[in-house]
Protein chains: 2
Amino acid sequence: MEDKLFDYISRYMIVSEEEKKAIIDLDIFRNYKKGTILLTEGQQSDDGYFVIKGCIRCYYIIDGEEKTTAFYPESETLAPLCSVNKKPSEYYVSCVEDSILIVSNPEMEKTIFERFPRFETLCRILSEELLAKNQASFDGFKTSTPEQRYLNLLKTRPDLLQRVPQYQIASYLGIEPQSLSRIRKRLVK
Amino acid sequence: MEDKLFDYISRYMIVSEEEKKAIIDLDIFRNYKKGTILLTEGQQSDDGYFVIKGCIRCYYIIDGEEKTTAFYPESETLAPLCSVNKKPSEYYVSCVEDSILIVSNPEMEKTIFERFPRFETLCRILSEELLAKNQASFDGFKTSTPEQRYLNLLKTRPDLLQRVPQYQIASYLGIEPQSLSRIRKRLVK
DNA sequence: CTCCTTTTTTAACTTAAGTGAACGAAATGA
DNA sequence: TCATTTCGTTCACTTAAGTTAAAAAAGGAG
């Protein structure tokens, strides 16, 4: 289980046994059942998530309708806005499947960073990377039609379409479920 | 001129005179004329930008058409994807106006972080903040219609509409210039 | 297996954005 | 200053997404 985390980190640096032990000793692995709500609108939480297994999802409820904006499957990280700006959350976070997550918070990060400053460098670099990638997806979204967005999803994250209901994919693509159904129909021929 | 930078940083921490001097000694302030292209498609650069004065813009050229995806006015930061993933850039960066920028690169960051580790913490926190905010804008974009996006821009960044040509705003909103013209007409009544 | 709920598809109709073209206004530059 | 390019608006037409409603299909619970 720890391996998923260290495999991920090993793409950036070699982690010593001492460091591994320190992280495991934090006891940050958590199991959640499918459907568990990790964060609710209006709630303030400092927690950040790294997905070891399973998948989590962000969604808003706007005029009574669920609007899904992001999915985080294995090896992805979510630091909700409310954990950064210390304000109540505008969105929900829930588990799409039974999941194992690392749940971190600023205090434990501080503990680790003080003992192993290399980890703060790692987190800085990871954030910079994630930011640049998020901007690139946003760019792709802006410059594409709904159909192109769907095709791109099919190419880059085909797994998602298997794991997640279509109506959630639809709002993730910025359209209504009926439109996604239509696009799929259009494409099969 | 330095003040713009230190005013910005002072929202996060108190900067000592020694630290200020070290940063100023890096000699990282640069002047650019309106229209200067800072980064070209296909180019690889390590540079990151902090806007002291003026405004910079990111755009793609897709099928011969400019597609603007982002603006960075005073006190905003741009770390292009190519500076993070070390690959050739897919987009251009140019100056919307005569601008004064801080141009940084990984080596000088390393120099500063080694001497003043607090600055790495600052950069980590800033990246985390920027990431969360970028995600929030992306969410807002996905869950809005073009008209709502325009109204939101009008509310949150009215200055942009004065500083930037309409056709650039249009692609920033994910639509064609004609559609933006139509939306504006629709709204005046 | 059956019933009930959720999800997906279909359809008809409405609305708004894309497209291509034309025109005038504004900005640019020689 | 005049000529030229660029920009914003308008129009007519096309295309695709939103909306509302209903039916079909799939999934889960008992």
# chains A, B, ... in the order shown; residues from 1 in each chain; ligands from 1
>>> residues_around(residues="Leu160 in chain B", least_positions_apart="2", cutoff="10 Å", atoms="only C-alpha atoms (C1' of nucleotides)", output="list in words")
Cys55, Phe71, Tyr72, Pro73, Leu153, Leu154, Thr156, Arg157, Pro158, Gln162, Arg163, Val164, Pro165, Gln166 and Ile169 of chain B
>>> residues_around(residues="range 10-26 of chain D", least_positions_apart="5", cutoff="12 Å", atoms="only C-alpha atoms (C1' of nucleotides)", output="ChimeraX atom specification")
/A:145-147,165,174-183,186 /B:145,178-179,181-182,185 /C:5-24
>>> interface_residues(of="chain B", to="chain A", cutoff="10 Å", atoms="only C-alpha atoms", output="number ranges by chain")
B: 58-60, 62, 67-70, 78-85, 90-91, 113, 117, 120-145, 171-175
>>> interface_residues(of="chain D", to="chain B", cutoff="10 Å", atoms="only C-alpha atoms (C1' of nucleotides)", output="PyMOL selection string")
chain D and resi 7-10
>>> atom_distance(atom1="CA of Leu39 in chain A", atom2="CA of Glu97 in chain A")
15.5 Å
>>> residues_around(residues="range 48-50 of chain A", least_positions_apart="2", cutoff="7 Å", atoms="only C-alpha atoms (C1' of nucleotides)", output="CSV table (one decimal) with C-alpha atoms, in the first residue's frame")
chain,number,residue,atom,x,y,z
A,46,ASP,CA,-7.5,21.6,6.1
A,52,ILE,CA,-3.6,5.3,-3.4
A,75,SER,CA,-1.7,8.6,-7.9
A,76,GLU,CA,-3.4,12.0,-8.2
A,77,THR,CA,-3.5,14.7,-5.6
A,78,LEU,CA,-6.3,17.0,-4.5
A,79,ALA,CA,-5.7,20.0,-2.2
A,80,PRO,CA,-9.2,21.6,-2.1
A,101,LEU,CA,-6.4,7.7,0.5
A,102,ILE,CA,-3.6,9.5,2.2
A,103,VAL,CA,-5.1,12.3,4.1
A,104,SER,CA,-2.6,15.0,5.0
A,105,ASN,CA,-2.9,18.3,6.9
